[in-house]
$ cat structure_11.pdb   # PDB, C-alpha atoms and all ligand atoms
ATOM      1  CA  MET A   1      -9.991  22.262  36.829
ATOM      2  CA  PRO A   2     -10.846  18.595  37.393
ATOM      3  CA  SER A   3     -11.278  16.243  34.481
ATOM      4  CA  LYS A   4     -14.937  15.420  33.962
ATOM      5  CA  PRO A   5     -15.493  12.221  32.038
ATOM      6  CA  ILE A   6     -18.593  12.949  29.931
ATOM      7  CA  HIS A   7     -20.267   9.669  30.794
ATOM      8  CA  SER A   8     -20.051   7.079  33.503
ATOM      9  CA  LYS A   9     -20.733   3.353  33.368
ATOM     10  CA  PRO A  10     -20.218   0.544  35.808
ATOM     11  CA  LEU A  11     -16.689  -0.796  35.792
ATOM     12  CA  HIS A  12     -17.725  -4.263  34.677
ATOM     13  CA  SER A  13     -19.205  -2.928  31.435
ATOM     14  CA  LEU A  14     -17.096  -3.065  28.287
ATOM     15  CA  GLN A  15     -19.725  -1.299  26.208
ATOM     16  CA  LYS A  16     -19.191   2.290  25.203
ATOM     17  CA  SER A  17     -21.617   4.882  26.540
ATOM     18  CA  PRO A  18     -24.327   5.852  24.027
ATOM     19  CA  LYS A  19     -23.198   9.473  24.401
ATOM     20  CA  ALA A  20     -19.585   8.760  23.481
ATOM     21  CA  ILE A  21     -18.197  10.708  20.524
ATOM     22  CA  ARG A  22     -16.957   8.453  17.764
ATOM     23  CA  PRO A  23     -13.624   9.311  16.083
ATOM     24  CA  PHE A  24     -13.972  10.043  12.363
ATOM     25  CA  LEU A  25     -11.062   7.780  11.363
ATOM     26  CA  LYS A  26     -10.997   4.005  11.603
ATOM     27  CA  TRP A  27      -7.859   3.285  13.583
ATOM     28  CA  ALA A  28      -6.127   0.051  14.604
ATOM     29  CA  GLY A  29      -5.910  -0.097  18.383
ATOM     30  CA  GLY A  30      -8.451   2.761  18.731
ATOM     31  CA  LYS A  31      -9.826   2.998  22.262
ATOM     32  CA  PHE A  32     -13.410   4.085  21.516
ATOM     33  CA  ARG A  33     -14.860   0.891  23.038
ATOM     34  CA  LEU A  34     -12.752   1.170  26.175
ATOM     35  CA  ILE A  35     -13.379   4.824  26.837
ATOM     36  CA  ASP A  36     -15.345   4.276  30.063
ATOM     37  CA  ARG A  37     -12.615   2.145  31.577
ATOM     38  CA  ILE A  38      -9.943   4.653  30.654
ATOM     39  CA  SER A  39     -11.710   7.860  31.667
ATOM     40  CA  LYS A  40     -12.513   6.428  35.110
ATOM     41  CA  LEU A  41      -8.815   5.955  35.801
ATOM     42  CA  LEU A  42      -7.615   9.273  34.415
ATOM     43  CA  PRO A  43      -6.676  11.608  37.277
ATOM     44  CA  GLU A  44      -7.792  15.223  37.521
ATOM     45  CA  GLY A  45      -5.643  17.929  35.988
ATOM     46  CA  ASN A  46      -5.743  21.035  33.820
ATOM     47  CA  ARG A  47      -4.298  19.517  30.644
ATOM     48  CA  LEU A  48      -4.289  16.064  29.075
ATOM     49  CA  ILE A  49      -1.207  15.040  27.120
ATOM     50  CA  GLU A  50      -1.593  12.161  24.670
ATOM     51  CA  PRO A  51       1.675  11.200  22.945
ATOM     52  CA  PHE A  52      -0.020   8.426  20.887
ATOM     53  CA  MET A  53      -3.265  10.142  19.973
ATOM     54  CA  GLY A  54      -4.250   7.989  16.941
ATOM     55  CA  SER A  55      -7.907   8.658  16.165
ATOM     56  CA  GLY A  56      -8.324  10.755  19.328
ATOM     57  CA  ALA A  57     -10.968   8.620  21.099
ATOM     58  CA  VAL A  58      -9.757   9.670  24.559
ATOM     59  CA  PHE A  59      -9.322  13.333  23.588
ATOM     60  CA  LEU A  60     -12.897  13.424  22.272
ATOM     61  CA  ASN A  61     -14.441  11.818  25.339
ATOM     62  CA  THR A  62     -12.796  13.628  28.239
ATOM     63  CA  ASP A  63     -13.173  17.197  29.418
ATOM     64  CA  TYR A  64      -9.844  18.798  30.292
ATOM     65  CA  ASP A  65      -9.284  22.553  29.886
ATOM     66  CA  SER A  66      -6.683  21.935  27.203
ATOM     67  CA  TYR A  67      -4.950  19.155  25.308
ATOM     68  CA  LEU A  68      -1.445  18.559  24.001
ATOM     69  CA  LEU A  69      -1.783  15.788  21.423
ATOM     70  CA  GLY A  70       0.959  14.051  19.512
ATOM     71  CA  ASP A  71       1.551  11.229  17.110
ATOM     72  CA  ILE A  72       4.561  10.259  15.041
ATOM     73  CA  ASN A  73       2.448  10.040  11.884
ATOM     74  CA  PRO A  74       2.756  13.371   9.998
ATOM     75  CA  ASP A  75      -0.196  12.605   7.683
ATOM     76  CA  LEU A  76      -2.457  12.237  10.702
ATOM     77  CA  ILE A  77      -1.276  15.418  12.398
ATOM     78  CA  ASP A  78      -1.497  17.440   9.135
ATOM     79  CA  LEU A  79      -5.099  16.268   8.732
ATOM     80  CA  TYR A  80      -5.989  17.355  12.274
ATOM     81  CA  GLU A  81      -4.388  20.756  11.625
ATOM     82  CA  GLN A  82      -6.474  21.114   8.434
ATOM     83  CA  LEU A  83      -9.638  20.403  10.415
ATOM     84  CA  LYS A  84      -8.666  22.762  13.192
ATOM     85  CA  GLN A  85      -7.790  25.611  10.806
ATOM     86  CA  ASN A  86     -10.444  25.180   8.124
ATOM     87  CA  GLY A  87     -13.324  23.314   9.833
ATOM     88  CA  ASP A  88     -16.489  23.186   7.686
ATOM     89  CA  LYS A  89     -14.709  24.326   4.513
ATOM     90  CA  PHE A  90     -12.386  21.351   4.677
ATOM     91  CA  ILE A  91     -15.252  18.983   5.575
ATOM     92  CA  GLN A  92     -17.115  20.088   2.417
ATOM     93  CA  TYR A  93     -13.977  19.810   0.274
ATOM     94  CA  ALA A  94     -13.012  16.276   1.372
ATOM     95  CA  LYS A  95     -16.554  14.992   0.766
ATOM     96  CA  ASP A  96     -16.023  15.153  -3.024
ATOM     97  CA  TRP A  97     -14.166  11.813  -2.967
ATOM     98  CA  PHE A  98     -17.096   9.983  -1.405
ATOM     99  CA  ILE A  99     -19.072   9.274  -4.564
ATOM    100  CA  GLN A 100     -19.825   5.973  -6.272
ATOM    101  CA  GLU A 101     -17.369   6.634  -9.164
ATOM    102  CA  GLU A 102     -14.466   6.853  -6.719
ATOM    103  CA  ASN A 103     -15.350   3.547  -5.055
ATOM    104  CA  SER A 104     -13.490   1.146  -7.342
ATOM    105  CA  LYS A 105     -10.141  -0.607  -7.324
ATOM    106  CA  THR A 106      -8.887   1.551 -10.209
ATOM    107  CA  ALA A 107      -9.895   4.815  -8.565
ATOM    108  CA  TYR A 108      -8.516   3.725  -5.194
ATOM    109  CA  TYR A 109      -5.052   2.864  -6.547
ATOM    110  CA  HIS A 110      -4.987   6.046  -8.608
ATOM    111  CA  TRP A 111      -5.650   8.160  -5.489
ATOM    112  CA  ARG A 112      -3.252   6.124  -3.372
ATOM    113  CA  ASP A 113      -0.466   6.902  -5.916
ATOM    114  CA  GLN A 114      -1.478  10.539  -5.904
ATOM    115  CA  PHE A 115      -1.411  10.596  -2.074
ATOM    116  CA  ASN A 116       2.102   9.145  -2.068
ATOM    117  CA  LYS A 117       3.319  11.752  -4.595
ATOM    118  CA  ILE A 118       1.969  15.058  -3.355
ATOM    119  CA  PRO A 119       3.250  17.262  -0.530
ATOM    120  CA  LYS A 120       1.231  17.999   2.575
ATOM    121  CA  GLY A 121      -1.791  20.250   2.116
ATOM    122  CA  ARG A 122      -5.556  20.018   1.924
ATOM    123  CA  GLU A 123      -5.653  17.533  -0.990
ATOM    124  CA  LYS A 124      -3.309  15.103   0.786
ATOM    125  CA  SER A 125      -5.334  15.388   4.001
ATOM    126  CA  ALA A 126      -8.613  14.814   2.150
ATOM    127  CA  LEU A 127      -7.095  11.761   0.454
ATOM    128  CA  PHE A 128      -6.025  10.424   3.846
ATOM    129  CA  ILE A 129      -9.705  10.262   4.840
ATOM    130  CA  TYR A 130     -10.673   8.742   1.479
ATOM    131  CA  LEU A 131      -7.975   6.029   1.835
ATOM    132  CA  ASN A 132      -8.907   5.390   5.471
ATOM    133  CA  ARG A 133     -12.544   4.725   4.562
ATOM    134  CA  HIS A 134     -11.986   2.913   1.233
ATOM    135  CA  GLY A 135      -8.866   0.926   2.207
ATOM    136  CA  TYR A 136      -8.756  -2.491   3.816
ATOM    137  CA  ASN A 137      -9.988  -2.533   7.414
ATOM    138  CA  GLY A 138      -9.086   1.101   8.081
ATOM    139  CA  LEU A 139      -5.430   0.104   8.244
ATOM    140  CA  CYS A 140      -2.746   2.746   8.123
ATOM    141  CA  ARG A 141       0.417   1.001   6.975
ATOM    142  CA  TYR A 142       3.544   2.282   5.246
ATOM    143  CA  ASN A 143       6.297   0.378   3.431
ATOM    144  CA  GLN A 144      10.017   0.847   4.087
ATOM    145  CA  SER A 145      10.120   3.836   1.705
ATOM    146  CA  GLY A 146       7.393   5.525   3.717
ATOM    147  CA  GLN A 147       4.684   4.987   1.067
ATOM    148  CA  LEU A 148       1.178   4.165   2.243
ATOM    149  CA  ASN A 149       0.491   0.647   0.927
ATOM    150  CA  VAL A 150      -2.930  -0.410   2.222
ATOM    151  CA  PRO A 151      -4.930  -2.477  -0.328
ATOM    152  CA  PHE A 152      -8.431  -1.616  -1.553
ATOM    153  CA  GLY A 153     -11.156  -2.547   0.940
ATOM    154  CA  SER A 154     -14.143  -3.274  -1.350
ATOM    155  CA  TYR A 155     -16.870  -1.696   0.767
ATOM    156  CA  LYS A 156     -20.326  -1.203  -0.681
ATOM    157  CA  LYS A 157     -20.802   2.439   0.257
ATOM    158  CA  PRO A 158     -18.075   3.959   2.434
ATOM    159  CA  TYR A 159     -19.464   6.352   5.036
ATOM    160  CA  TYR A 160     -18.392   9.983   5.010
ATOM    161  CA  PRO A 161     -18.083  10.977   8.678
ATOM    162  CA  SER A 162     -19.019  14.671   8.437
ATOM    163  CA  ASP A 163     -20.726  14.878  11.859
ATOM    164  CA  GLU A 164     -17.793  13.155  13.537
ATOM    165  CA  MET A 165     -15.388  15.527  11.749
ATOM    166  CA  SER A 166     -17.406  18.550  12.928
ATOM    167  CA  ALA A 167     -17.258  17.308  16.522
ATOM    168  CA  PHE A 168     -13.512  16.822  16.214
ATOM    169  CA  SER A 169     -13.032  20.245  14.654
ATOM    170  CA  GLU A 170     -15.011  21.929  17.442
ATOM    171  CA  LYS A 171     -13.067  20.179  20.191
ATOM    172  CA  SER A 172      -9.734  20.903  18.492
ATOM    173  CA  LYS A 173     -10.063  24.575  19.547
ATOM    174  CA  ARG A 174      -8.796  23.355  22.916
ATOM    175  CA  ALA A 175      -5.962  21.297  21.430
ATOM    176  CA  ILE A 176      -2.429  21.668  20.164
ATOM    177  CA  PHE A 177      -1.293  18.983  17.719
ATOM    178  CA  VAL A 178       2.353  18.017  17.412
ATOM    179  CA  CYS A 179       4.051  15.485  15.159
ATOM    180  CA  CYS A 180       6.841  13.961  17.219
ATOM    181  CA  SER A 181       7.907  10.879  19.095
ATOM    182  CA  PHE A 182       6.410  10.177  22.513
ATOM    183  CA  ASN A 183       9.530  11.080  24.452
ATOM    184  CA  GLU A 184       9.594  14.609  23.072
ATOM    185  CA  LEU A 185       5.943  15.242  23.917
ATOM    186  CA  MET A 186       6.245  13.780  27.403
ATOM    187  CA  ASN A 187       9.150  16.154  28.081
ATOM    188  CA  ARG A 188       6.603  18.987  27.833
ATOM    189  CA  ALA A 189       4.555  17.707  30.791
ATOM    190  CA  ARG A 190       4.252  20.063  33.749
ATOM    191  CA  ARG A 191       2.748  19.729  37.218
ATOM    192  CA  ASN A 192      -1.061  19.500  37.072
ATOM    193  CA  ASN A 193      -0.914  17.811  33.657
ATOM    194  CA  VAL A 194      -2.079  14.238  33.129
ATOM    195  CA  VAL A 195      -0.539  11.901  30.529
ATOM    196  CA  TYR A 196      -2.381   9.081  28.756
ATOM    197  CA  CYS A 197      -0.216   6.756  26.640
ATOM    198  CA  ASP A 198      -1.599   4.276  24.148
ATOM    199  CA  PRO A 199       1.478   2.872  22.376
ATOM    200  CA  PRO A 200       1.272   0.210  19.654
ATOM    201  CA  TYR A 201       0.494  -3.059  21.457
ATOM    202  CA  VAL A 202       3.320  -5.400  22.378
ATOM    203  CA  PRO A 203       2.962  -8.435  20.088
ATOM    204  CA  LEU A 204       1.086 -11.321  21.713
ATOM    205  CA  SER A 205       2.945 -13.740  19.482
ATOM    206  CA  ASP A 206       5.417 -13.476  16.600
ATOM    207  CA  SER A 207       2.658 -13.594  13.994
ATOM    208  CA  SER A 208       0.166 -11.309  15.694
ATOM    209  CA  ASN A 209       1.921  -7.987  15.189
ATOM    210  CA  PHE A 210      -0.337  -7.413  12.204
ATOM    211  CA  THR A 211       0.140  -3.705  11.745
ATOM    212  CA  SER A 212       2.937  -1.231  11.776
ATOM    213  CA  TYR A 213       1.774   2.379  11.930
ATOM    214  CA  THR A 214       5.141   3.673  10.780
ATOM    215  CA  LYS A 215       8.030   2.332   8.772
ATOM    216  CA  GLU A 216      10.160   2.396  11.928
ATOM    217  CA  GLY A 217       7.729   0.249  13.945
ATOM    218  CA  PHE A 218       7.679   0.271  17.754
ATOM    219  CA  GLY A 219      10.046  -2.270  19.302
ATOM    220  CA  LEU A 220      10.477  -3.675  22.786
ATOM    221  CA  ASP A 221      13.178  -1.095  23.510
ATOM    222  CA  SER A 222      10.594   1.654  22.888
ATOM    223  CA  GLN A 223       8.069  -0.095  25.188
ATOM    224  CA  LEU A 224      10.684  -0.200  27.927
ATOM    225  CA  GLN A 225      11.764   3.399  27.340
ATOM    226  CA  LEU A 226       8.118   4.489  27.674
ATOM    227  CA  SER A 227       7.654   2.702  31.009
ATOM    228  CA  ILE A 228      10.817   4.328  32.389
ATOM    229  CA  LYS A 229       9.674   7.747  31.193
ATOM    230  CA  ALA A 230       6.264   7.226  32.856
ATOM    231  CA  TYR A 231       7.917   6.279  36.142
ATOM    232  CA  LYS A 232      10.175   9.364  36.025
ATOM    233  CA  LEU A 233       7.276  11.715  35.262
ATOM    234  CA  SER A 234       5.248  10.329  38.164
ATOM    235  CA  GLU A 235       8.210  11.049  40.433
ATOM    236  CA  ARG A 236       8.070  14.666  39.219
ATOM    237  CA  GLY A 237       4.376  14.843  40.194
ATOM    238  CA  VAL A 238       2.796  14.068  36.782
ATOM    239  CA  PRO A 239       0.505  11.010  36.688
ATOM    240  CA  VAL A 240       0.741   8.707  33.665
ATOM    241  CA  LEU A 241      -1.746   6.063  32.527
ATOM    242  CA  ILE A 242      -0.632   3.481  29.930
ATOM    243  CA  SER A 243      -2.737   1.005  27.907
ATOM    244  CA  ASN A 244      -1.382  -2.288  26.613
ATOM    245  CA  HIS A 245      -1.947  -6.030  26.436
ATOM    246  CA  GLU A 246      -1.127  -8.047  29.482
ATOM    247  CA  ASN A 247       1.628 -10.592  28.961
ATOM    248  CA  ALA A 248       4.933 -11.567  30.594
ATOM    249  CA  LEU A 249       6.717  -8.542  29.162
ATOM    250  CA  THR A 250       4.181  -5.906  30.228
ATOM    251  CA  LYS A 251       3.936  -7.484  33.718
ATOM    252  CA  GLU A 252       7.674  -6.947  33.981
ATOM    253  CA  ILE A 253       8.005  -3.448  32.542
ATOM    254  CA  TYR A 254       4.994  -1.973  34.395
ATOM    255  CA  GLN A 255       5.891  -3.538  37.761
ATOM    256  CA  HIS A 256       6.035  -0.101  39.448
ATOM    257  CA  ALA A 257       2.527   0.860  38.349
ATOM    258  CA  LYS A 258      -0.899   0.053  39.770
ATOM    259  CA  ILE A 259      -2.470  -2.374  37.298
ATOM    260  CA  GLU A 260      -6.093  -2.817  36.280
ATOM    261  CA  ARG A 261      -6.833  -5.702  33.917
ATOM    262  CA  PHE A 262      -9.903  -6.888  32.018
ATOM    263  CA  LYS A 263     -10.788  -9.201  29.156
ATOM    264  CA  VAL A 264     -11.575  -7.900  25.664
ATOM    265  CA  GLN A 265     -12.419  -9.525  22.359
ATOM    266  CA  ARG A 266      -9.800  -8.787  19.748
ATOM    267  CA  MET A 267      -9.168  -9.689  16.107
ATOM    268  CA  ILE A 268      -5.959 -11.669  16.121
ATOM    269  CA  SER A 269      -4.369 -12.176  12.744
ATOM    270  CA  CYS A 270      -2.323 -15.326  12.501
ATOM    271  CA  LYS A 271      -3.335 -17.765   9.781
ATOM    272  CA  GLY A 272      -6.548 -16.137   8.704
ATOM    273  CA  SER A 273      -8.274 -13.747  11.084
ATOM    274  CA  LYS A 274     -10.094 -14.872  14.165
ATOM    275  CA  ARG A 275     -11.584 -13.308  17.263
ATOM    276  CA  SER A 276     -10.144 -14.284  20.574
ATOM    277  CA  GLU A 277     -10.165 -13.076  24.143
ATOM    278  CA  VAL A 278      -7.093 -11.238  25.372
ATOM    279  CA  THR A 279      -6.352  -9.373  28.600
ATOM    280  CA  GLU A 280      -6.096  -5.619  28.288
ATOM    281  CA  LEU A 281      -4.178  -3.743  30.934
ATOM    282  CA  LEU A 282      -4.172  -0.192  32.281
ATOM    283  CA  ALA A 283      -1.026   0.755  34.200
ATOM    284  CA  LEU A 284      -1.326   3.832  36.408
ATOM    285  CA  TYR A 285       1.775   5.650  37.595
ATOM    286  CA  ALA A 286       0.231   7.895  40.241
ATOM    287  CA  ALA A 287       1.882  11.258  40.901
ATOM    288  CA  LYS A 288       4.313  11.154  43.805
ATOM    289  CA  ASN A 289       3.458  14.473  45.487
TER
HETATM  290  C1  LIG B 301      -2.738   2.156  19.555
HETATM  291  S1  LIG B 301      -2.604   3.560  18.501
HETATM  292  C2  LIG B 301      -3.364   4.833  19.455
HETATM  293  C3  LIG B 301      -4.847   4.747  19.375
HETATM  294  C4  LIG B 301      -5.590   5.884  20.025
HETATM  295  N1  LIG B 301      -5.551   5.845  21.458
HETATM  296  C5  LIG B 301      -7.033   5.863  19.551
HETATM  297  O1  LIG B 301      -7.953   5.719  20.380
HETATM  298  O2  LIG B 301      -7.237   5.916  18.343
HETATM  299  C6  LIG B 301      -0.896   3.961  18.585
HETATM  300  C7  LIG B 301      -0.469   5.243  17.888
HETATM  301  O3  LIG B 301       0.894   5.478  18.188
HETATM  302  C8  LIG B 301       1.509   6.117  17.082
HETATM  303  N2  LIG B 301       2.960   5.910  17.230
HETATM  304  C9  LIG B 301       3.713   4.846  16.867
HETATM  305  N3  LIG B 301       4.999   5.020  17.254
HETATM  306  C10 LIG B 301       5.054   6.217  17.893
HETATM  307  C11 LIG B 301       6.094   6.956  18.538
HETATM  308  N4  LIG B 301       7.356   6.507  18.591
HETATM  309  N5  LIG B 301       5.789   8.164  19.092
HETATM  310  C12 LIG B 301       4.527   8.664  19.010
HETATM  311  N6  LIG B 301       3.501   8.011  18.405
HETATM  312  C13 LIG B 301       3.759   6.798  17.867
HETATM  313  C14 LIG B 301       0.880   5.464  15.873
HETATM  314  O4  LIG B 301       0.962   6.295  14.740
HETATM  315  C15 LIG B 301      -0.568   5.238  16.371
HETATM  316  O5  LIG B 301      -1.410   6.280  15.965
END
$ encode --input "structure_11.pdb" --output "structure tokens"
Amino acid sequence: MPSKPIHSKPLHSLQKSPKAIRPFLKWAGGKFRLIDRISKLLPEGNRLIEPFMGSGAVFLNTDYDSYLLGDINPDLIDLYEQLKQNGDKFIQYAKDWFIQEENSKTAYYHWRDQFNKIPKGREKSALFIYLNRHGYNGLCRYNQSGQLNVPFGSYKKPYYPSDEMSAFSEKSKRAIFVCCSFNELMNRARRNNVVYCDPPYVPLSDSSNFTSYTKEGFGLDSQLQLSIKAYKLSERGVPVLISNHENALTKEIYQHAKIERFKVQRMISCKGSKRSEVTELLALYAAKN
């Protein structure tokens, strides 16, 4: 069945459609605002594979028969499994942390310690949402020992995204979630599947790589490996679309793809944080028969 983007907007628009479904997690590099650009370029197919699913903005706003969704972050994938398995029950349970008494520095650091101590399960997944909404800027950052180390965010009244979680839970009936590296998930692609890759951005400068989603990070060797994998899949008849910044490196590594580029406003963290305009790129490796 063809993919049916839920909304359509002129190509020059960078605004999201009013009907777009917002992910329930705040996520660095999330593609909610770029969803119209991305869905227009996604080819038809019966299944969408997303090896870097993050908050799931593309999953939520496309209409494939089924989805194979991966991310290397086990806390994220465990949370999505909780929502898929336990839906409303889990949504009610996790809401308990969104009260005024839990919105303080002391409470936040207490729950962050607890999160780092306990094994996977519904409490850990609920705390992941609490930390995402109460922590600084919705960052998800781990230290070298694999402990989440995001500081307190000091928000007046953090929002509990129950409607967004319900929408995610409903859509997850069509999805399989896997915690693995991109290469492993891409190996599962078959003819008639479509792959969308949204890796961590290549750094624009030495100081701008402000976030590392995992303790391992995502180096230039991984960026190169991904572009080679995309090329190989397209040769086997599976189209692959990749998002990234445009710079000298991405021009080089995506030279075999068809490139679409456009300007976006982005928070760049160097000394202090400032907004600046950068060029976003979409590299399409079309299926070769
Ligand atoms: C730019 S974000 C994806 C954002 C997503 N498209 C969204 O709209 O929220 C990149 C994601 O890649 C994941 N990641 C980092 N290294 C990875 C790897 N080697 N394999 C798979 N996922 C990885 C991170 O955990 C993060 O969620």
$ resolve_selection --input "structure_11.pdb" --expression "the PyMOL selection byres (((chain A and resi 149) around 10) and not hetatm)" --output "PyMOL selection string"
chain A and resi 109+112-113+116+135+139-143+146-148+150-152
$ residues_near_ligand --input "structure_11.pdb" --ligand "ligand LIG 301 (chain B)" --cutoff "9 Å" --atoms "only C-alpha atoms and all ligand atoms" --output "ChimeraX atom specification"
/A:23,25-35,50-59,70-74,76,140,179-185,196-201,212-214,216-218,222,243-244
$ residues_around --input "structure_11.pdb" --residues "segment 255-259 of chain A" --least-positions-apart "2" --cutoff "7 Å" --atoms "all atoms listed in the file" --output "ChimeraX atom specification"
/A:251-253,261,281-285
$ write_last_selection --input "structure_11.pdb" --atoms "C-alpha atoms" --output "PDB file, in the frame of the given file"
ATOM      1  CA  LYS A 251       3.936  -7.484  33.718  1.00  0.00           C
ATOM      2  CA  GLU A 252       7.674  -6.947  33.981  1.00  0.00           C
ATOM      3  CA  ILE A 253       8.005  -3.448  32.542  1.00  0.00           C
ATOM      4  CA  ARG A 261      -6.833  -5.702  33.917  1.00  0.00           C
ATOM      5  CA  LEU A 281      -4.178  -3.743  30.934  1.00  0.00           C
ATOM      6  CA  LEU A 282      -4.172  -0.192  32.281  1.00  0.00           C
ATOM      7  CA  ALA A 283      -1.026   0.755  34.200  1.00  0.00           C
ATOM      8  CA  LEU A 284      -1.326   3.832  36.408  1.00  0.00           C
ATOM      9  CA  TYR A 285       1.775   5.650  37.595  1.00  0.00           C
TER      10      TYR A 285
END
$ atom_distance --input "structure_11.pdb" --atom1 "atom CA of Leu68 of chain A" --atom2 "atom CA of Tyr231 of chain A"
19.6 Å
$ closest_residue --input "structure_11.pdb" --among "A:Arg22, A:Lys157, A:Leu127, A:Asn289" --to "Arg236 of chain A" --atoms "all atoms listed in the file"
A:Asn289
$ closest_residue --input "structure_11.pdb" --among "A:Lys95, A:Lys173, A:Lys89, A:His245" --to "Ser205 of chain A" --atoms "only C-alpha atoms"
A:His245
$ closest_residue --input "structure_11.pdb" --among "A:Asp88, A:Tyr254, A:Lys263, A:Lys40" --to "Ala167 of chain A" --atoms "all atoms listed in the file"
A:Asp88
$ closest_residue --input "structure_11.pdb" --among "A:Arg37, A:Arg47, A:Arg275, A:Lys232" --to "Asn193 of chain A" --atoms "all atoms listed in the file"
A:Arg47
